[in-house]
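Undergrad: work.csv is the file, holding CSV, C-alpha atoms:
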```
chain,number,residue,atom,x,y,z
A,1,MET,CA,85.0,42.8,-68.9
A,2,LEU,CA,82.6,43.8,-71.8
A,3,GLU,CA,85.5,44.7,-74.1
A,4,THR,CA,86.8,41.1,-74.1
A,5,PHE,CA,83.4,39.5,-74.4
A,6,ARG,CA,82.2,38.1,-77.7
A,7,ILE,CA,78.9,36.7,-78.8
A,8,PRO,CA,79.7,33.1,-79.9
A,9,ILE,CA,78.7,31.9,-83.4
A,10,ILE,CA,77.7,28.3,-83.3
A,11,ARG,CA,77.7,26.2,-86.5
A,12,MET,CA,75.4,23.2,-86.8
A,13,LYS,CA,74.7,21.4,-90.1
A,14,GLY,CA,76.0,24.4,-92.0
A,15,ILE,CA,73.7,26.8,-90.2
A,16,PHE,CA,75.1,29.5,-88.0
A,17,ILE,CA,73.4,30.3,-84.7
A,18,VAL,CA,73.9,33.6,-82.9
A,19,SER,CA,72.2,33.7,-79.6
A,20,ILE,CA,72.1,37.1,-78.0
A,21,GLN,CA,71.9,36.8,-74.3
A,22,MET,CA,73.1,40.1,-73.0
A,23,ALA,CA,72.8,43.8,-73.3
A,24,LEU,CA,74.3,45.0,-76.5
A,25,ASP,CA,76.7,48.0,-76.6
A,26,ASP,CA,78.4,49.6,-79.5
A,27,ALA,CA,81.6,47.6,-79.2
A,28,LEU,CA,79.8,44.3,-78.9
A,29,VAL,CA,77.5,45.2,-81.9
A,30,LEU,CA,80.5,46.1,-84.1
A,31,GLN,CA,82.3,42.9,-83.1
A,32,LEU,CA,79.3,40.8,-83.8
A,33,LYS,CA,78.8,42.2,-87.3
A,34,GLU,CA,82.4,41.7,-88.1
A,35,ASP,CA,82.4,38.2,-86.7
A,36,VAL,CA,79.3,37.2,-88.6
A,37,ALA,CA,80.6,38.6,-91.9
A,38,ALA,CA,84.0,37.0,-91.3
A,39,THR,CA,82.5,33.6,-90.4
A,40,ILE,CA,80.3,33.5,-93.4
A,41,ALA,CA,83.1,34.6,-95.7
A,42,ARG,CA,85.4,31.8,-94.3
A,43,ASP,CA,83.0,28.9,-93.8
A,44,GLY,CA,80.2,29.6,-96.2
A,45,GLY,CA,77.1,28.3,-94.4
A,46,ARG,CA,73.6,27.8,-95.6
A,47,GLY,CA,71.7,30.0,-93.1
A,48,LEU,CA,71.9,32.3,-90.1
A,49,ILE,CA,69.7,32.2,-87.1
A,50,VAL,CA,69.6,35.1,-84.7
A,51,ASP,CA,68.0,34.0,-81.5
A,52,VAL,CA,66.8,36.9,-79.3
A,53,SER,CA,65.1,34.9,-76.6
A,54,GLY,CA,67.6,36.2,-74.1
A,55,ILE,CA,67.0,39.8,-74.8
A,56,ASP,CA,65.1,41.8,-72.2
A,57,ILE,CA,64.0,44.6,-74.4
A,58,MET,CA,64.6,45.8,-78.0
A,59,ASP,CA,64.9,49.5,-78.7
A,60,SER,CA,65.5,50.9,-82.2
A,61,TYR,CA,69.2,50.5,-81.8
A,62,ILE,CA,69.0,46.8,-81.0
A,63,SER,CA,66.4,46.1,-83.7
A,64,ARG,CA,68.5,47.9,-86.2
A,65,THR,CA,71.5,45.9,-85.2
A,66,ILE,CA,69.6,42.7,-85.9
A,67,TYR,CA,68.2,44.0,-89.1
A,68,ASP,CA,71.7,44.9,-90.2
A,69,LEU,CA,73.0,41.4,-89.4
A,70,ALA,CA,70.2,39.9,-91.5
A,71,LYS,CA,71.1,42.3,-94.4
A,72,ILE,CA,74.8,41.6,-94.2
A,73,ALA,CA,74.2,37.8,-94.3
A,74,LYS,CA,71.7,38.2,-97.1
A,75,LEU,CA,74.2,40.2,-99.2
A,76,MET,CA,76.7,37.4,-98.6
A,77,GLY,CA,74.1,34.9,-99.9
A,78,VAL,CA,73.0,33.5,-96.5
A,79,PRO,CA,69.3,33.6,-95.6
A,80,THR,CA,68.6,34.8,-92.0
A,81,VAL,CA,65.8,33.8,-89.7
A,82,LEU,CA,65.0,35.5,-86.4
A,83,SER,CA,63.8,33.4,-83.5
A,84,GLY,CA,62.5,33.8,-79.9
A,85,ILE,CA,61.0,37.2,-79.9
A,86,ASP,CA,59.2,37.8,-76.6
A,87,PRO,CA,55.5,38.6,-77.1
A,88,MET,CA,55.8,41.9,-75.1
A,89,ILE,CA,58.8,42.9,-77.2
A,90,ALA,CA,56.9,42.1,-80.4
A,91,MET,CA,54.0,44.3,-79.3
A,92,THR,CA,56.2,47.1,-78.4
A,93,LEU,CA,58.2,46.9,-81.6
A,94,VAL,CA,55.0,47.1,-83.7
A,95,GLU,CA,53.6,50.0,-81.6
A,96,MET,CA,56.8,51.9,-82.3
A,97,GLY,CA,56.7,51.1,-86.0
A,98,LEU,CA,60.0,49.2,-85.8
A,99,GLU,CA,58.9,45.9,-87.3
A,100,MET,CA,61.7,44.4,-89.3
A,101,GLU,CA,60.2,44.0,-92.8
A,102,GLY,CA,61.6,41.2,-94.9
A,103,VAL,CA,63.1,39.3,-92.0
A,104,THR,CA,61.7,35.8,-91.6
A,105,THR,CA,60.9,35.0,-88.0
A,106,HIS,CA,60.0,31.9,-86.0
A,107,ARG,CA,58.7,31.5,-82.5
A,108,GLU,CA,61.3,28.9,-81.5
A,109,LEU,CA,64.9,28.3,-82.4
A,110,GLU,CA,63.9,24.7,-83.5
A,111,ASN,CA,61.4,25.9,-86.1
A,112,ALA,CA,63.9,28.4,-87.4
A,113,PHE,CA,66.4,25.6,-87.8
A,114,ASP,CA,64.0,23.4,-89.6
A,115,HIS,CA,63.0,26.2,-91.9
A,116,LEU,CA,66.6,26.8,-92.9
A,117,LEU,CA,67.2,23.1,-93.4
A,118,GLU,CA,64.2,22.9,-95.7
A,119,LEU,CA,65.5,25.9,-97.7
A,120,GLN,CA,68.8,24.1,-98.0
A,121,GLU,CA,67.2,20.9,-99.3
A,122,GLU,CA,65.2,22.9,-101.8
A,123,GLU,CA,68.3,24.6,-103.0
A,124,ASP,CA,70.2,21.3,-103.2
A,125,ARG,CA,67.3,19.9,-105.4
A,126,ASP,CA,67.6,22.9,-107.7
A,127,ILE,CA,71.3,22.4,-108.1
A,128,LEU,CA,70.8,18.7,-109.0
A,129,ASP,CA,68.2,19.8,-111.6
A,130,ILE,CA,70.6,22.2,-113.1
A,131,ASP,CA,73.2,19.5,-113.3
A,132,ALA,CA,70.8,17.3,-115.2
A,133,PHE,CA,70.3,19.9,-117.9
A,134,ALA,CA,73.9,20.8,-118.1
A,135,ASP,CA,75.7,20.4,-121.4
A,136,PRO,CA,77.1,16.9,-121.5
A,137,GLU,CA,80.4,18.0,-123.0
A,138,THR,CA,81.2,20.5,-120.2
A,139,ARG,CA,80.4,17.8,-117.7
A,140,ILE,CA,83.0,15.5,-119.2
A,141,GLU,CA,85.6,18.2,-119.0
A,142,ASP,CA,85.4,18.6,-115.2
B,1,MET,CA,68.2,46.9,-44.9
B,2,GLY,CA,68.6,44.3,-42.1
B,3,SER,CA,71.6,43.9,-39.8
B,4,ASN,CA,75.0,43.2,-41.1
B,5,ALA,CA,76.6,39.8,-40.6
B,6,PRO,CA,79.0,40.0,-37.6
B,7,GLY,CA,82.5,38.9,-38.3
B,8,LYS,CA,83.7,37.8,-41.7
B,9,SER,CA,81.4,36.5,-44.3
B,10,PRO,CA,82.4,33.5,-46.5
B,11,ALA,CA,84.4,34.3,-49.6
B,12,GLY,CA,82.5,35.4,-52.7
B,13,THR,CA,79.3,36.2,-50.8
B,14,SER,CA,79.8,39.9,-50.2
B,15,LYS,CA,77.6,40.8,-53.1
B,16,TRP,CA,74.6,39.2,-51.6
B,17,PRO,CA,72.5,40.8,-48.8
B,18,ALA,CA,74.3,40.1,-45.6
B,19,ASP,CA,71.3,38.8,-43.6
B,20,ILE,CA,70.6,36.2,-46.2
B,21,VAL,CA,74.2,35.1,-46.2
B,22,GLN,CA,74.2,35.0,-42.4
B,23,ILE,CA,71.3,32.6,-42.3
B,24,LEU,CA,72.5,30.4,-45.1
B,25,GLY,CA,75.9,30.3,-43.4
B,26,ARG,CA,74.5,28.3,-40.6
B,27,TYR,CA,73.4,25.6,-42.9
B,28,LEU,CA,75.6,25.6,-46.0
B,29,PRO,CA,79.4,26.0,-46.7
B,30,GLY,CA,80.5,29.3,-48.2
B,31,SER,CA,81.2,28.0,-51.7
B,32,ILE,CA,77.7,26.6,-52.0
B,33,ILE,CA,76.1,29.8,-50.7
B,34,ASP,CA,77.5,31.9,-53.5
B,35,MET,CA,76.4,29.3,-56.1
B,36,VAL,CA,72.9,28.9,-54.7
B,37,CYS,CA,72.4,32.6,-54.6
B,38,GLN,CA,73.7,33.0,-58.1
B,39,GLN,CA,71.3,30.4,-59.4
B,40,ALA,CA,68.4,31.9,-57.5
B,41,ALA,CA,69.2,35.4,-58.8
B,42,ARG,CA,69.4,34.1,-62.3
B,43,ARG,CA,66.1,32.4,-61.9
B,44,CYS,CA,64.5,35.6,-60.6
B,45,ARG,CA,66.3,37.6,-63.3
B,46,ILE,CA,68.0,39.8,-60.8
B,47,GLN,CA,71.1,41.7,-61.9
B,48,VAL,CA,73.3,41.6,-58.8
B,49,SER,CA,75.8,44.1,-60.3
B,50,THR,CA,73.1,46.9,-60.0
B,51,GLY,CA,72.4,46.1,-56.4
B,52,VAL,CA,69.5,44.1,-55.0
B,53,ASN,CA,66.4,46.2,-54.1
B,54,GLY,CA,63.6,45.4,-51.6
B,55,ALA,CA,61.3,43.7,-54.0
B,56,GLU,CA,64.1,41.7,-55.6
B,57,ARG,CA,65.4,40.6,-52.3
B,58,ASP,CA,62.0,39.1,-51.4
B,59,ARG,CA,61.9,37.3,-54.7
B,60,LEU,CA,65.4,36.1,-54.1
B,61,VAL,CA,64.5,34.8,-50.6
B,62,LYS,CA,61.5,32.9,-52.0
B,63,GLU,CA,63.6,31.3,-54.7
B,64,LEU,CA,66.3,30.4,-52.2
B,65,CYS,CA,63.6,28.6,-50.0
B,66,ARG,CA,63.0,26.4,-53.0
B,67,LYS,CA,66.7,25.9,-53.9
B,68,ILE,CA,68.0,24.8,-50.5
B,69,THR,CA,66.0,21.6,-50.7
B,70,LEU,CA,68.8,20.3,-53.0
B,71,PHE,CA,71.4,20.6,-50.3
B,72,LEU,CA,69.8,19.9,-47.0
B,73,ASP,CA,67.8,17.1,-45.4
B,74,PRO,CA,64.1,17.8,-44.9
B,75,GLY,CA,64.4,18.7,-41.2
B,76,ARG,CA,67.0,21.3,-41.8
B,77,VAL,CA,65.2,22.6,-44.9
B,78,ARG,CA,62.2,23.4,-42.7
B,79,LYS,CA,64.4,25.2,-40.2
B,80,CYS,CA,66.4,27.2,-42.8
B,81,ARG,CA,63.2,28.0,-44.7
B,82,ALA,CA,61.5,29.4,-41.6
B,83,GLU,CA,64.5,31.6,-40.9
B,84,LEU,CA,64.6,32.8,-44.5
B,85,GLU,CA,60.9,33.6,-44.6
B,86,GLY,CA,61.4,35.5,-41.4
B,87,LEU,CA,63.4,37.9,-43.5
B,88,ILE,CA,60.4,38.7,-45.7
B,89,SER,CA,57.9,39.5,-43.1
B,90,GLY,CA,60.5,41.0,-40.9
B,91,THR,CA,61.7,43.5,-43.5
B,92,GLU,CA,60.5,46.9,-42.7
B,93,ALA,CA,59.1,46.9,-46.2
B,94,ALA,CA,61.2,49.6,-47.8
B,95,PRO,CA,58.7,52.3,-48.7
B,96,ARG,CA,58.4,52.2,-52.4
B,97,LEU,CA,59.5,55.5,-53.9
B,98,SER,CA,57.3,57.2,-56.3
B,99,GLU,CA,60.2,58.9,-57.9
B,100,MET,CA,63.5,57.7,-59.3
B,101,GLU,CA,66.4,59.5,-60.9
B,102,HIS,CA,69.0,57.8,-63.0
B,103,ALA,CA,72.2,59.5,-64.2
B,104,VAL,CA,73.2,58.6,-67.7
B,105,GLU,CA,76.9,59.0,-68.3
B,106,SER,CA,78.0,55.9,-70.2
B,107,GLU,CA,76.6,53.0,-72.2
B,108,MET,CA,76.4,50.9,-69.1
B,109,ASP,CA,73.9,53.4,-67.6
B,110,VAL,CA,71.6,52.6,-70.6
B,111,VAL,CA,71.4,49.0,-69.5
B,112,LYS,CA,71.3,49.8,-65.8
B,113,GLY,CA,68.6,52.4,-66.5
B,114,ARG,CA,66.3,49.9,-68.2
B,115,LEU,CA,66.8,47.3,-65.5
B,116,GLN,CA,65.9,49.8,-62.8
B,117,THR,CA,62.9,50.9,-64.9
B,118,ILE,CA,61.6,47.4,-65.1
B,119,SER,CA,61.8,46.9,-61.3
B,120,PHE,CA,60.3,50.4,-60.7
B,121,VAL,CA,57.4,49.8,-62.9
B,122,ARG,CA,56.9,46.3,-61.6
B,123,GLU,CA,56.9,47.6,-58.0
B,124,TRP,CA,54.1,50.0,-59.0
B,125,GLY,CA,52.0,47.2,-60.3
B,126,GLY,CA,52.7,47.7,-64.0
B,127,SER,CA,51.9,45.0,-66.4
B,128,ASN,CA,54.5,43.0,-68.3
B,129,LEU,CA,53.8,45.1,-71.4
B,130,ALA,CA,54.1,48.3,-69.4
B,131,CYS,CA,57.5,47.2,-68.1
B,132,THR,CA,58.7,46.4,-71.6
B,133,ARG,CA,57.4,49.7,-73.0
B,134,ALA,CA,58.9,51.8,-70.2
B,135,ALA,CA,62.2,50.0,-70.4
B,136,THR,CA,62.3,50.4,-74.2
B,137,VAL,CA,61.5,54.1,-73.8
B,138,VAL,CA,64.2,54.6,-71.2
B,139,SER,CA,66.7,52.7,-73.2
B,140,GLU,CA,65.9,54.7,-76.3
B,141,LEU,CA,66.1,58.1,-74.6
B,142,ALA,CA,69.2,57.2,-72.5
B,143,ARG,CA,71.0,56.0,-75.6
B,144,ASN,CA,70.2,59.3,-77.4
B,145,ILE,CA,71.6,61.2,-74.4
B,146,ILE,CA,74.9,59.2,-74.7
B,147,LEU,CA,75.1,59.5,-78.4
B,148,TYR,CA,74.2,63.1,-78.8
B,149,ALA,CA,74.6,64.9,-75.5
B,150,GLY,CA,77.4,63.0,-73.8
B,151,GLY,CA,75.5,62.8,-70.5
B,152,GLY,CA,72.2,63.7,-68.8
B,153,LYS,CA,69.6,62.0,-66.6
B,154,VAL,CA,66.3,60.1,-66.8
B,155,LYS,CA,63.7,60.6,-64.1
B,156,LEU,CA,60.8,58.3,-63.5
B,157,ARG,CA,57.7,59.5,-61.5
B,158,ILE,CA,54.3,58.1,-60.7
B,159,VAL,CA,51.7,60.7,-61.4
B,160,ASP,CA,48.0,59.8,-61.0
B,161,ASN,CA,48.8,56.1,-61.5
B,162,ASP,CA,50.6,56.8,-64.7
B,163,LEU,CA,54.3,56.7,-65.3
B,164,GLU,CA,56.0,59.9,-66.2
B,165,ILE,CA,59.4,59.8,-67.8
B,166,VAL,CA,61.6,62.8,-68.1
B,167,ALA,CA,64.9,62.6,-70.0
B,168,SER,CA,67.0,65.7,-69.9
B,169,ASP,CA,70.5,66.8,-71.0
B,170,ASN,CA,72.5,69.9,-71.7
B,171,GLY,CA,73.6,68.8,-75.1
B,172,PRO,CA,73.5,70.7,-78.3
B,173,GLY,CA,69.8,70.2,-78.8
B,174,ILE,CA,68.1,68.4,-81.7
B,175,PRO,CA,68.1,70.4,-84.9
B,176,HIS,CA,64.9,70.2,-87.1
B,177,ILE,CA,63.0,68.5,-84.4
B,178,ASP,CA,59.7,68.9,-86.2
B,179,GLU,CA,61.0,67.0,-89.3
B,180,VAL,CA,62.4,64.3,-87.0
B,181,LEU,CA,59.1,63.7,-85.3
B,182,SER,CA,57.0,63.9,-88.5
B,183,GLY,CA,59.3,61.3,-90.1
B,184,ASP,CA,60.6,63.6,-92.9
B,185,TYR,CA,64.0,63.5,-91.5
B,186,HIS,CA,66.2,60.4,-91.5
B,187,SER,CA,69.6,60.5,-89.8
B,188,ASN,CA,72.1,57.9,-90.6
B,189,THR,CA,72.4,57.2,-86.9
B,190,GLY,CA,68.7,56.3,-86.6
B,191,LEU,CA,67.9,59.0,-84.0
B,192,GLY,CA,64.6,59.9,-85.7
B,193,GLN,CA,63.3,56.4,-85.7
B,194,GLY,CA,63.9,55.9,-82.0
B,195,LEU,CA,62.3,59.2,-81.0
B,196,ARG,CA,59.3,58.7,-83.3
B,197,GLY,CA,58.9,55.2,-81.8
B,198,VAL,CA,58.9,56.6,-78.3
B,199,LYS,CA,56.3,59.2,-79.3
B,200,LYS,CA,54.1,56.5,-80.7
B,201,LEU,CA,54.3,54.5,-77.4
B,202,ALA,CA,53.6,57.5,-75.2
B,203,ASP,CA,50.2,58.8,-74.1
B,204,ARG,CA,51.5,62.3,-73.9
B,205,PHE,CA,54.7,63.4,-75.4
B,206,ASP,CA,56.6,66.7,-75.3
B,207,VAL,CA,60.1,67.7,-76.5
B,208,ARG,CA,61.8,71.0,-75.6
B,209,THR,CA,65.0,71.5,-77.4
B,210,GLY,CA,67.2,74.2,-78.7
B,211,ALA,CA,70.8,75.2,-79.1
B,212,GLY,CA,72.2,76.1,-75.8
B,213,GLN,CA,69.3,74.9,-73.7
B,214,GLY,CA,69.7,71.2,-74.1
B,215,THR,CA,66.9,68.7,-74.7
B,216,THR,CA,64.1,67.6,-72.4
B,217,VAL,CA,61.7,64.9,-73.4
B,218,THR,CA,58.7,64.5,-71.2
B,219,LEU,CA,56.2,61.7,-71.7
B,220,LYS,CA,53.5,59.6,-70.0
B,221,LEU,CA,52.9,55.9,-70.2
B,222,LYS,CA,50.0,53.8,-68.8
B,223,LEU,CA,50.9,51.4,-66.1
B,224,LYS,CA,48.3,48.8,-67.0
```
Would it be possible to restate this file's structure as structure tokens?

TA:
Amino acid sequence: MLETFRIPIIRMKGIFIVSIQMALDDALVLQLKEDVAATIARDGGRGLIVDVSGIDIMDSYISRTIYDLAKIAKLMGVPTVLSGIDPMIAMTLVEMGLEMEGVTTHRELENAFDHLLELQEEEDRDILDIDAFADPETRIED
Amino acid sequence: MGSNAPGKSPAGTSKWPADIVQILGRYLPGSIIDMVCQQAARRCRIQVSTGVNGAERDRLVKELCRKITLFLDPGRVRKCRAELEGLISGTEAAPRLSEMEHAVESEMDVVKGRLQTISFVREWGGSNLACTRAATVVSELARNIILYAGGGKVKLRIVDNDLEIVASDNGPGIPHIDEVLSGDYHSNTGLGQGLRGVKKLADRFDVRTGAGQGTTVTLKLKLK
């Protein structure tokens, strides 16, 4: 049953949402990494949210998986935000020295989503600014 | 466990405790029994696939008492509820075991192991944090067993109100264990990180390992 199961990647306003609701095994992790990379490559996207509110515990394997996902997305130019870490899990991760440095986190999925939308707007503004300074001749050409 | 339901039980209900199904069967059609039980189990975070233990059964019954109000008129709700509650007080409260052994042979056992750990620790009055810590440790050690030794076992024991966890295998042993634990050694599989994390969580921690003698990790965690 597990072999055929996939973690869905939902797209909303250009942001991908991956909600992990079950125990991760090797096959599932590999599939998820491939799916995330392939989806970003195919559809672009402006952000990735990994929601872990459904995870019962996080050991080094699971936390590394999520860290890897964030790094893969970052390499492909997509910022990643983690949401929904259970307080007990957060305490345990810190005690174990497994905090995921460099990964932005938010308590709720909603905040994570807003955060990424804001990032997107900022980026859009920057692009507009660049357009304004662009060389007029090259602009006529395209 | 209580008495088994006489005759055939409604389709799809075989995974639920027979005495619960038997009572519900007098009030609800079979298709609804399965659905109600599933919802209740999900609500109580009970994994049915790993079997329903004593404490989980009580929680399930309590949740069912709430759920049935959706399907029955008030008079029948009261009757059905009384019968269900009879199950809780009537259970010859399964003596809580102070020891538990869990075989680790496949990845599924890693997940099962931590679910069993959570219910074991909870049964012994462990705090939520203690449950999470213990389950994390078991998950970590069980995964190492699968990855590096192919198989082994994890034992949980209550000693002086603390939780003792012993993970053992007959695998090839951990080379350079001292470097692994001091953080000087980084495997590309991440073994070191997990084991060091476990050591940090533990009150007492001991590893015996060597080629030909397998690996045994013994540690203690506080329950509160």

Undergrad: Please identify every residue of chain B that has at least one atom no more than 8 Å from any atom of chain A, counting all atoms listed in the file, and report them as a ChimeraX atom specification.

TA: /B:107,111,128-129,132-133,135-137,139-140,190,193-194,196-201

Undergrad: How far is it from CA of Lys13 in chain A to CA of Gly102 in chain A, in Å with one decimal?

TA: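 According to the coordinates, CA of Lys13 in chain A and CA of Gly102 in chain A are separated by 24.2 Å.
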
Undergrad: Of the candidates B:Asp162, B:Glu105, B:Glu83, B:Asp73, which one gets nearest to Lys224 in chain B if we count all atoms listed in the file?

TA: B:Asp162

Undergrad: Quick one: pull the distance between CA of Met100 in chain A and CA of Thr80 in chain A, Å, one decimal.

TA: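 We find that CA of Met100 in chain A and CA of Thr80 in chain A lie 12.1 Å from each other.
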
Undergrad: Out of B:Leu24, B:Gly151, B:Asp34, B:Arg208, which residue has the shortest atom-to-atom distance to Val77 in chain B when counting only C-alpha atoms?

TA: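 Of all the options, B:Leu24 lies closest to Val77 in chain B.
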
Undergrad: For a test of reading the model, state the distance in Å between CA of Gly14 in chain A and CA of Val81 in chain A, rounded to one decimal.

TA: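 Going from CA of Gly14 in chain A over to CA of Val81 in chain A covers 14.1 Å.
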